[in-house]
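S.K.: For reference, the structure I am asking about is given below.
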Amino acid sequence: MTEPLTNENFPIESDKELSSIAQQLWDNDINRLQPGKDYRISLQGKAGGLMAEMEDDNDGAGSPLFTFVDESVFKKESFQAFISLLDNYESDTGTPEIVTPEEEAENHLFLDCLVQTRTMELAHNYLVEKELSPKDLTKFKQQLYRIWFELYARGGSSKPDSSGFEHVFVGETRLRTVIGFHNWIQLYLQEKLGHVDYKGYRVSPNSPQPDENKHILALQFSWKNGMKPKGSIFIGVSPEFEFALYTLCFLSSPNERVKVTFSSYEVEIVCHHHNQKHIGTTYPVLVKYHTTE
């Protein structure tokens with residue numbers, strides 16, 4: 001008897017269709033940094049195993065991950081608007097978030113910047129075509145605000161202490177564990193401040209070896225007083241690329257993993273929903289490289 005077809009094995013949105021729009025997003029990400037030119041990373045050694053993740057000697061890297069970043073890119077409008085949001089959150093889960101009028105205005109300014117980019121415009125057009133988003137730009141921004149910035153209670157907390165944006169792009173801590181934190185800009189800025197200690201790259205038996213000239217990396221690091229045993233991030237891409245790709249996957253598929261192929265990458269986008277209204281977490285997992293860029 002053949003296995004029944006389920007949503008878990010067969011996403012509503014075909015890989016081919018999402019891969020096509022992901023390729024368009026990639027091709028139009030004009031603010032993406034180029035490895036070796038606009039930034040350089042140093043992979044160093046492989047991080048220790050998960051069993052020893054809290055040990056001080058579990059460090060496969062004696063130096064920072066980033067050896068150089070051309071910070072002039074941070075003066076670009078979308079980068080500036082994104083970076084202004086990174087200090088608006090309490091990292092400890094269980095600590096209620098209080099959004100000030102100034103912070104709310106910064107959230108809206110960021111969304112205003114995003115929807116003006118070609119990358120986000122492509123994503124919006126696709127979502128409108130699929131009847132997943134309103135055509136009206138104001139209503140679309142309201143949808144984005146709900147998905148990414150509306151607060152909710154995470155993991156047993158009784159009060160709103162988290163949001164999709166905070167979890168994915170800023171990072172949170174629960175006891176001595178770092179959760180979320182899947183953004184390279186935040187990682188670079190926190191490493192520069194001495195708050196992040198890169199512990200080395202992570203590689204599983206079925207995944208390819210990491211490459212300093214590629215834009216996806218699995219890694220281990222500590223942040224503040226917590227450890228991120230294994231994280232996965234895009235490196236060098238613009239905020240609008242990540243925001244567009246993750247929003248597409250959230251709205252297009254009910255599944256927690258969506259496989260897309262673009263440029264030289266075959267990637268699973270993990271996307272957990274929270275109450276079907278908000279992003280719980282989302283991040284890329286590299287499946288394999290393709291030989292052509």
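Here's how to read the names in the structure tokens: chain A, B, ... by the order shown, residue numbers from 1 in each chain, ligand numbers from 1 in the order shown.
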Please report, as JSON lines, each residue of region 17-130 of chain A lying at most 9 Å from region 196-218 of chain A, together with the nearest pair of atoms and the separation in Å rounded to one decimal; use only C-alpha atoms, and order rows by chain and ascending residue number.

M.R.:
```
{"residue": "A:Gln34", "atom": "CA", "partner": "A:Asn213", "partner_atom": "CA", "distance": 8.4}
{"residue": "A:Pro35", "atom": "CA", "partner": "A:Asn213", "partner_atom": "CA", "distance": 5.3}
{"residue": "A:Gly36", "atom": "CA", "partner": "A:Asn213", "partner_atom": "CA", "distance": 6.9}
{"residue": "A:Arg40", "atom": "CA", "partner": "A:Glu212", "partner_atom": "CA", "distance": 7.5}
{"residue": "A:Ile41", "atom": "CA", "partner": "A:Glu212", "partner_atom": "CA", "distance": 6.1}
{"residue": "A:Ser42", "atom": "CA", "partner": "A:Glu212", "partner_atom": "CA", "distance": 6.9}
{"residue": "A:Leu43", "atom": "CA", "partner": "A:Tyr201", "partner_atom": "CA", "distance": 6.3}
{"residue": "A:Gln44", "atom": "CA", "partner": "A:Gly200", "partner_atom": "CA", "distance": 6.4}
{"residue": "A:Gly45", "atom": "CA", "partner": "A:Gly200", "partner_atom": "CA", "distance": 5.3}
{"residue": "A:Lys46", "atom": "CA", "partner": "A:Tyr201", "partner_atom": "CA", "distance": 4.9}
{"residue": "A:Ala47", "atom": "CA", "partner": "A:Gly200", "partner_atom": "CA", "distance": 4.3}
{"residue": "A:Gly48", "atom": "CA", "partner": "A:Gly200", "partner_atom": "CA", "distance": 8.0}
{"residue": "A:Gly49", "atom": "CA", "partner": "A:Arg202", "partner_atom": "CA", "distance": 8.9}
{"residue": "A:Asn58", "atom": "CA", "partner": "A:Lys199", "partner_atom": "CA", "distance": 7.3}
{"residue": "A:Asp59", "atom": "CA", "partner": "A:Lys199", "partner_atom": "CA", "distance": 4.7}
{"residue": "A:Gly60", "atom": "CA", "partner": "A:Gly200", "partner_atom": "CA", "distance": 4.7}
{"residue": "A:Ala61", "atom": "CA", "partner": "A:Gly200", "partner_atom": "CA", "distance": 5.0}
{"residue": "A:Gly62", "atom": "CA", "partner": "A:Lys199", "partner_atom": "CA", "distance": 7.7}
{"residue": "A:Ser63", "atom": "CA", "partner": "A:Tyr198", "partner_atom": "CA", "distance": 7.5}
{"residue": "A:Pro64", "atom": "CA", "partner": "A:Tyr198", "partner_atom": "CA", "distance": 5.9}
{"residue": "A:Leu65", "atom": "CA", "partner": "A:Tyr198", "partner_atom": "CA", "distance": 6.0}
```

S.K.: I need the residues from that last selection saved to file as a CSV table (one decimal), in the first residue's frame (with all heavy atoms), if you can.

M.R.:
```
chain,number,residue,atom,x,y,z
A,34,GLN,N,29.1,41.2,-0.6
A,34,GLN,CA,29.8,40.2,-1.3
A,34,GLN,C,30.9,39.7,-0.4
A,34,GLN,O,31.7,40.4,0.1
A,34,GLN,CB,30.4,40.7,-2.6
A,34,GLN,CG,29.4,41.1,-3.7
A,34,GLN,CD,28.4,40.0,-4.0
A,34,GLN,OE1,28.7,38.9,-4.2
A,34,GLN,NE2,27.1,40.4,-3.9
A,35,PRO,N,31.0,38.3,-0.2
A,35,PRO,CA,32.0,37.8,0.7
A,35,PRO,C,33.4,38.0,0.1
A,35,PRO,O,33.6,37.9,-1.1
A,35,PRO,CB,31.7,36.3,0.7
A,35,PRO,CG,30.8,36.0,-0.5
A,35,PRO,CD,30.0,37.3,-0.7
A,36,GLY,N,34.3,38.3,0.9
A,36,GLY,CA,35.7,38.6,0.5
A,36,GLY,C,35.9,40.0,0.0
A,36,GLY,O,37.1,40.4,-0.1
A,40,ARG,N,34.4,39.7,5.5
A,40,ARG,CA,35.2,38.4,5.6
A,40,ARG,C,34.9,37.7,6.9
A,40,ARG,O,34.8,38.4,7.9
A,40,ARG,CB,36.7,38.7,5.5
A,40,ARG,CG,37.2,39.1,4.1
A,40,ARG,CD,38.7,39.1,3.9
A,40,ARG,NE,39.2,40.2,4.7
A,40,ARG,CZ,39.4,41.5,4.3
A,40,ARG,NH1,39.0,41.8,3.1
A,40,ARG,NH2,39.9,42.4,5.1
A,41,ILE,N,34.8,36.4,6.8
A,41,ILE,CA,34.6,35.7,8.0
A,41,ILE,C,35.7,34.6,8.2
A,41,ILE,O,36.4,34.3,7.2
A,41,ILE,CB,33.2,34.9,8.1
A,41,ILE,CG1,33.1,33.9,6.9
A,41,ILE,CG2,32.1,35.9,8.1
A,41,ILE,CD1,31.8,33.0,7.0
A,42,SER,N,36.0,34.2,9.4
A,42,SER,CA,37.0,33.2,9.7
A,42,SER,C,36.3,32.0,10.4
A,42,SER,O,36.0,32.1,11.5
A,42,SER,CB,38.1,33.8,10.6
A,42,SER,OG,39.0,32.8,10.9
A,43,LEU,N,36.1,30.9,9.6
A,43,LEU,CA,35.4,29.7,10.2
A,43,LEU,C,36.2,29.1,11.3
A,43,LEU,O,35.5,28.6,12.3
A,43,LEU,CB,35.2,28.7,9.0
A,43,LEU,CG,34.2,29.1,8.0
A,43,LEU,CD1,34.2,28.0,6.9
A,43,LEU,CD2,32.8,29.2,8.6
A,44,GLN,N,37.5,29.0,11.2
A,44,GLN,CA,38.3,28.3,12.2
A,44,GLN,C,37.9,26.9,12.4
A,44,GLN,O,37.7,26.1,11.4
A,44,GLN,CB,38.3,29.1,13.5
A,44,GLN,CG,38.8,30.5,13.3
A,44,GLN,CD,38.5,31.5,14.4
A,44,GLN,OE1,39.2,31.4,15.4
A,44,GLN,NE2,37.5,32.4,14.2
A,45,GLY,N,37.7,26.4,13.6
A,45,GLY,CA,37.4,25.0,13.8
A,45,GLY,C,36.0,24.7,14.0
A,45,GLY,O,35.1,25.5,14.1
A,46,LYS,N,35.7,23.4,14.0
A,46,LYS,CA,34.4,22.9,14.3
A,46,LYS,C,34.0,22.9,15.7
A,46,LYS,O,34.9,22.6,16.6
A,46,LYS,CB,34.3,21.4,13.8
A,46,LYS,CG,32.9,20.7,13.9
A,46,LYS,CD,33.0,19.3,13.4
A,46,LYS,CE,31.7,18.6,13.6
A,46,LYS,NZ,31.8,17.2,13.1
A,47,ALA,N,32.8,23.4,16.1
A,47,ALA,CA,32.4,23.5,17.5
A,47,ALA,C,32.3,22.1,18.1
A,47,ALA,O,32.1,21.1,17.4
A,47,ALA,CB,31.1,24.2,17.5
A,48,GLY,N,32.4,22.0,19.4
A,48,GLY,CA,32.3,20.8,20.1
A,48,GLY,C,30.9,20.2,20.0
A,48,GLY,O,30.0,20.8,19.6
A,49,GLY,N,30.7,19.0,20.5
A,49,GLY,CA,29.4,18.3,20.5
A,49,GLY,C,28.4,18.9,21.4
A,49,GLY,O,28.8,19.7,22.3
A,58,ASN,N,35.0,24.1,25.2
A,58,ASN,CA,34.3,23.6,24.0
A,58,ASN,C,34.4,24.7,22.9
A,58,ASN,O,33.4,25.1,22.4
A,58,ASN,CB,32.9,23.3,24.4
A,58,ASN,CG,32.1,22.7,23.2
A,58,ASN,OD1,32.6,21.9,22.5
A,58,ASN,ND2,30.9,23.2,23.0
A,59,ASP,N,35.5,25.2,22.7
A,59,ASP,CA,35.7,26.4,21.8
A,59,ASP,C,36.5,26.0,20.6
A,59,ASP,O,37.7,25.8,20.7
A,59,ASP,CB,36.3,27.6,22.5
A,59,ASP,CG,36.0,28.9,21.8
A,59,ASP,OD1,35.8,28.8,20.5
A,59,ASP,OD2,36.0,29.9,22.4
A,60,GLY,N,35.9,25.9,19.4
A,60,GLY,CA,36.6,25.5,18.2
A,60,GLY,C,37.2,26.7,17.5
A,60,GLY,O,37.8,26.6,16.4
A,61,ALA,N,37.0,27.9,18.1
A,61,ALA,CA,37.4,29.2,17.5
A,61,ALA,C,38.0,30.1,18.5
A,61,ALA,O,37.3,30.5,19.5
A,61,ALA,CB,36.3,29.8,16.8
A,62,GLY,N,39.3,30.5,18.3
A,62,GLY,CA,39.9,31.4,19.3
A,62,GLY,C,39.7,32.8,18.9
A,62,GLY,O,40.0,33.7,19.7
A,63,SER,N,39.2,33.1,17.7
A,63,SER,CA,39.1,34.4,17.2
A,63,SER,C,37.6,34.7,16.8
A,63,SER,O,36.8,33.7,16.6
A,63,SER,CB,40.0,34.7,16.0
A,63,SER,OG,41.3,34.5,16.4
A,64,PRO,N,37.2,35.9,16.6
A,64,PRO,CA,35.9,36.2,16.2
A,64,PRO,C,35.5,35.6,14.8
A,64,PRO,O,36.4,35.3,14.0
A,64,PRO,CB,35.8,37.8,16.1
A,64,PRO,CG,36.9,38.2,17.1
A,64,PRO,CD,38.0,37.2,16.9
A,65,LEU,N,34.2,35.5,14.6
A,65,LEU,CA,33.8,35.0,13.3
A,65,LEU,C,34.1,36.0,12.2
A,65,LEU,O,34.6,35.7,11.1
A,65,LEU,CB,32.3,34.7,13.3
A,65,LEU,CG,31.6,34.3,12.0
A,65,LEU,CD1,32.2,33.0,11.4
A,65,LEU,CD2,30.1,34.2,12.1
```

S.K.: Would you list the contacts of Leu245 (chain A) as JSON, numbers by chain, taking every protein, DNA or RNA residue within 12 Å and counting only C-alpha atoms, but skipping same-chain residues closer than 4 positions in sequence?

M.R.: {"A": [18, 19, 20, 21, 22, 23, 24, 25, 26, 29, 119, 120, 121, 122, 123, 124, 126, 127, 234, 237, 238, 239, 240, 241, 249, 250, 251, 252, 258, 259, 260, 262, 267, 268, 269, 270, 271, 282, 283, 284]}

S.K.: Take the residues just selected and output them with N, CA and C atoms as a CSV table (one decimal), in the first residue's frame.

M.R.:
```csv
chain,number,residue,atom,x,y,z
A,18,LEU,N,7.9,28.2,-5.2
A,18,LEU,CA,8.6,29.1,-4.2
A,18,LEU,C,10.1,29.3,-4.6
A,19,SER,N,10.7,28.3,-5.2
A,19,SER,CA,12.1,28.4,-5.6
A,19,SER,C,12.2,29.5,-6.7
A,20,SER,N,11.2,29.6,-7.5
A,20,SER,CA,11.2,30.6,-8.6
A,20,SER,C,11.2,32.0,-8.0
A,21,ILE,N,10.3,32.2,-7.1
A,21,ILE,CA,10.2,33.6,-6.5
A,21,ILE,C,11.4,33.8,-5.6
A,22,ALA,N,11.9,32.8,-4.9
A,22,ALA,CA,13.1,33.0,-4.1
A,22,ALA,C,14.3,33.4,-4.9
A,23,GLN,N,14.4,32.8,-6.2
A,23,GLN,CA,15.5,33.2,-7.1
A,23,GLN,C,15.3,34.7,-7.5
A,24,GLN,N,14.1,35.1,-7.7
A,24,GLN,CA,13.8,36.5,-8.1
A,24,GLN,C,14.2,37.4,-6.9
A,25,LEU,N,13.9,37.0,-5.7
A,25,LEU,CA,14.3,37.8,-4.5
A,25,LEU,C,15.9,38.0,-4.5
A,26,TRP,N,16.5,36.8,-4.7
A,26,TRP,CA,18.0,36.8,-4.7
A,26,TRP,C,18.6,37.7,-5.7
A,29,ASP,N,18.3,41.4,-4.8
A,29,ASP,CA,18.8,41.8,-3.5
A,29,ASP,C,20.1,42.7,-3.8
A,119,THR,N,12.9,44.0,-3.7
A,119,THR,CA,12.7,42.6,-3.1
A,119,THR,C,11.4,42.4,-2.5
A,120,MET,N,11.0,43.4,-1.6
A,120,MET,CA,9.7,43.2,-0.9
A,120,MET,C,8.5,43.4,-1.9
A,121,GLU,N,8.7,44.3,-2.9
A,121,GLU,CA,7.7,44.5,-3.9
A,121,GLU,C,7.4,43.2,-4.6
A,122,LEU,N,8.4,42.4,-5.0
A,122,LEU,CA,8.2,41.1,-5.7
A,122,LEU,C,7.5,40.2,-4.8
A,123,ALA,N,7.9,40.1,-3.5
A,123,ALA,CA,7.2,39.3,-2.5
A,123,ALA,C,5.7,39.7,-2.4
A,124,HIS,N,5.4,41.0,-2.3
A,124,HIS,CA,4.1,41.4,-2.2
A,124,HIS,C,3.2,41.1,-3.4
A,126,TYR,N,3.6,38.6,-5.5
A,126,TYR,CA,3.4,37.2,-5.5
A,126,TYR,C,2.3,36.8,-4.5
A,127,LEU,N,2.3,37.4,-3.3
A,127,LEU,CA,1.3,37.1,-2.3
A,127,LEU,C,-0.1,37.6,-2.7
A,234,PHE,N,21.7,33.2,7.4
A,234,PHE,CA,22.2,33.8,6.2
A,234,PHE,C,23.3,34.8,6.6
A,237,VAL,N,23.3,38.9,3.5
A,237,VAL,CA,22.1,39.3,2.8
A,237,VAL,C,21.5,40.6,3.4
A,238,SER,N,20.6,41.2,2.7
A,238,SER,CA,20.0,42.4,3.2
A,238,SER,C,18.8,42.1,4.1
A,239,PRO,N,18.4,43.0,5.0
A,239,PRO,CA,17.2,42.8,5.8
A,239,PRO,C,16.0,42.5,5.0
A,240,GLU,N,15.8,43.2,3.9
A,240,GLU,CA,14.6,43.0,3.0
A,240,GLU,C,14.6,41.6,2.4
A,241,PHE,N,15.7,41.0,2.1
A,241,PHE,CA,15.7,39.7,1.5
A,241,PHE,C,15.2,38.7,2.5
A,249,CYS,N,7.4,32.3,3.0
A,249,CYS,CA,7.3,30.9,3.5
A,249,CYS,C,6.2,30.8,4.5
A,250,PHE,N,6.1,31.8,5.4
A,250,PHE,CA,5.1,31.8,6.5
A,250,PHE,C,3.7,31.8,5.9
A,251,LEU,N,3.4,32.6,4.9
A,251,LEU,CA,2.1,32.8,4.4
A,251,LEU,C,1.7,31.7,3.3
A,252,SER,N,2.7,31.2,2.6
A,252,SER,CA,2.5,30.3,1.5
A,252,SER,C,2.3,28.8,1.9
A,258,VAL,N,10.1,24.2,4.4
A,258,VAL,CA,9.8,24.4,3.0
A,258,VAL,C,11.2,24.4,2.3
A,259,LYS,N,11.3,23.5,1.3
A,259,LYS,CA,12.6,23.4,0.6
A,259,LYS,C,12.6,24.4,-0.7
A,260,VAL,N,13.6,25.2,-0.8
A,260,VAL,CA,13.7,26.1,-1.9
A,260,VAL,C,15.1,26.0,-2.5
A,262,PHE,N,17.8,28.3,-4.9
A,262,PHE,CA,18.1,29.5,-5.6
A,262,PHE,C,19.6,29.7,-5.6
A,267,VAL,N,18.1,24.9,0.1
A,267,VAL,CA,17.9,25.3,1.5
A,267,VAL,C,16.5,24.9,2.0
A,268,GLU,N,16.4,24.4,3.2
A,268,GLU,CA,15.2,24.2,3.9
A,268,GLU,C,14.9,25.5,4.7
A,269,ILE,N,13.8,26.1,4.5
A,269,ILE,CA,13.4,27.2,5.4
A,269,ILE,C,12.5,26.7,6.5
A,270,VAL,N,13.0,26.6,7.7
A,270,VAL,CA,12.2,26.2,8.8
A,270,VAL,C,11.3,27.4,9.3
A,271,CYS,N,10.0,27.2,9.4
A,271,CYS,CA,9.1,28.3,9.8
A,271,CYS,C,8.0,27.8,10.7
A,282,THR,N,11.9,31.3,12.5
A,282,THR,CA,12.2,30.9,11.1
A,282,THR,C,13.7,31.1,10.8
A,283,TYR,N,14.3,30.2,10.1
A,283,TYR,CA,15.7,30.2,9.8
A,283,TYR,C,16.0,29.3,8.6
A,284,PRO,N,17.2,29.5,8.0
A,284,PRO,CA,17.6,28.6,6.8
A,284,PRO,C,18.4,27.4,7.3
```

S.K.: Point out the residue among A:Ser84, A:Ser162, A:Thr100, A:Thr117 with the least atom-to-atom distance to Ala244 (chain A), counting only C-alpha atoms.

M.R.: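 Selected residue with least distance to Ala244 (chain A): A:Thr117.
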
S.K.: Identify which of the residues A:Leu189, A:Ala81, A:Val168, A:Ile279 lies closest to Ser232 (chain A), counting only C-alpha atoms when measuring atom-to-atom distances.

M.R.: A:Val168

S.K.: Mind checking which residues fall within 12 Å of Gln186 (chain A), counting only C-alpha atoms, ignoring those fewer than 4 positions away in the same chain, and posting them as a PyMOL selection string?

M.R.: chain A and resi 66+74+79+82-87+166-171+180-182+190-193+195-196+223+233-236+239

S.K.: Restricting the output to C-alpha atoms, write the selected residues as a PDB file, in the first residue's frame.

M.R.:
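That gives us part36.pdb:
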```
ATOM      1  CA  PHE A  66      33.866  38.358  11.458  1.00  0.00           C
ATOM      2  CA  PHE A  74      24.827  50.116   7.404  1.00  0.00           C
ATOM      3  CA  PHE A  79      19.954  48.620   7.163  1.00  0.00           C
ATOM      4  CA  PHE A  82      16.693  47.573  10.834  1.00  0.00           C
ATOM      5  CA  ILE A  83      19.587  48.331  13.196  1.00  0.00           C
ATOM      6  CA  SER A  84      17.494  50.942  15.024  1.00  0.00           C
ATOM      7  CA  LEU A  85      15.163  48.128  16.160  1.00  0.00           C
ATOM      8  CA  LEU A  86      17.793  45.865  17.679  1.00  0.00           C
ATOM      9  CA  ASP A  87      17.976  47.636  21.053  1.00  0.00           C
ATOM     10  CA  GLU A 166      12.596  39.770  18.386  1.00  0.00           C
ATOM     11  CA  HIS A 167      13.042  36.007  18.322  1.00  0.00           C
ATOM     12  CA  VAL A 168      14.402  35.686  14.779  1.00  0.00           C
ATOM     13  CA  PHE A 169      16.426  38.854  14.314  1.00  0.00           C
ATOM     14  CA  VAL A 170      17.403  39.954  17.833  1.00  0.00           C
ATOM     15  CA  GLY A 171      17.539  36.777  19.914  1.00  0.00           C
ATOM     16  CA  GLY A 180      16.235  32.422  18.059  1.00  0.00           C
ATOM     17  CA  PHE A 181      19.010  34.849  17.042  1.00  0.00           C
ATOM     18  CA  HIS A 182      19.248  34.022  13.330  1.00  0.00           C
ATOM     19  CA  GLN A 190      27.050  41.912  19.274  1.00  0.00           C
ATOM     20  CA  GLU A 191      30.402  40.243  18.535  1.00  0.00           C
ATOM     21  CA  LYS A 192      31.962  43.651  17.996  1.00  0.00           C
ATOM     22  CA  LEU A 193      30.664  44.735  21.429  1.00  0.00           C
ATOM     23  CA  HIS A 195      28.756  40.090  23.883  1.00  0.00           C
ATOM     24  CA  VAL A 196      29.042  37.204  21.406  1.00  0.00           C
ATOM     25  CA  TRP A 223      25.657  35.461  23.919  1.00  0.00           C
ATOM     26  CA  ILE A 233      21.941  32.069   9.531  1.00  0.00           C
ATOM     27  CA  PHE A 234      22.208  33.797   6.195  1.00  0.00           C
ATOM     28  CA  ILE A 235      25.339  35.962   6.027  1.00  0.00           C
ATOM     29  CA  GLY A 236      25.690  39.164   4.007  1.00  0.00           C
ATOM     30  CA  PRO A 239      17.194  42.756   5.829  1.00  0.00           C
TER      31      PRO A 239
END
```

S.K.: Kindly give the distance, in Å, that separates CA of Glu102 (chain A) and CA of Lys76 (chain A), rounded to a single decimal.

M.R.: 20.9 Å

S.K.: Between A:Arg32, A:His272, A:Lys37, A:Lys135, which one has atoms that come closest to Trp184 (chain A), using only C-alpha atoms?

M.R.: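 For Trp184 (chain A), the nearest of the candidates is A:Arg32.
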
S.K.: Could you pull out the residues in region 135-235 of chain A that DSSP calls alpha helix (DSSP H) from the backbone, as a list in words?

M.R.: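 Of region 135-235 of chain A, only Leu137, Thr138, Lys139, Phe140, Lys141, Gln142, Gln143, Leu144, Tyr145, Arg146, Ile147, Trp148, Gly164, Phe165, Trp184, Ile185, Gln186, Leu187, Tyr188, Leu189, Gln190, Glu191 and Lys192 of chain A fall in alpha helix (DSSP H).
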
S.K.: Record the distance separating CA of Lys277 (chain A) and CA of Leu132 (chain A), expressed in Å with one decimal.

M.R.: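 Separation between CA of Lys277 (chain A) and CA of Leu132 (chain A): 12.8 Å.
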
S.K.: DSSP says strand (DSSP E or B) for which residues of region 158-196 of chain A? Put them as a list in words?

M.R.: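 Matching residues, listed in order: Ser162, Glu172, Thr173, Arg174, Thr177, Val178, Ile179, Asn183 and Val196 of chain A.
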
S.K.: Just to be explicit: take each residue in the selection above, keep N, CA and C atoms, and write the result as a tab-separated table (two decimals), in the first residue's frame.

M.R.:
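Done, and the output landed in again29.tsv:
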```tsv
chain	number	residue	atom	x	y	z
A	162	SER	N	7.34	38.35	23.78
A	162	SER	CA	8.09	37.98	22.59
A	162	SER	C	7.35	38.43	21.33
A	172	GLU	N	16.76	35.80	21.96
A	172	GLU	CA	16.21	35.79	23.31
A	172	GLU	C	17.01	34.80	24.15
A	173	THR	N	16.86	34.89	25.46
A	173	THR	CA	17.51	33.95	26.36
A	173	THR	C	16.46	33.30	27.26
A	174	ARG	N	16.65	32.02	27.50
A	174	ARG	CA	15.80	31.28	28.43
A	174	ARG	C	16.74	30.49	29.33
A	177	THR	N	20.19	29.36	27.95
A	177	THR	CA	20.15	28.98	26.53
A	177	THR	C	19.69	30.17	25.68
A	178	VAL	N	20.39	30.38	24.59
A	178	VAL	CA	19.98	31.39	23.61
A	178	VAL	C	18.99	30.74	22.65
A	179	ILE	N	17.86	31.40	22.43
A	179	ILE	CA	16.88	30.90	21.46
A	179	ILE	C	16.66	31.96	20.38
A	183	ASN	N	20.25	36.19	12.81
A	183	ASN	CA	20.58	37.29	11.91
A	183	ASN	C	22.05	37.67	11.99
A	196	VAL	N	29.12	38.50	22.08
A	196	VAL	CA	29.04	37.20	21.41
A	196	VAL	C	30.44	36.59	21.35
```
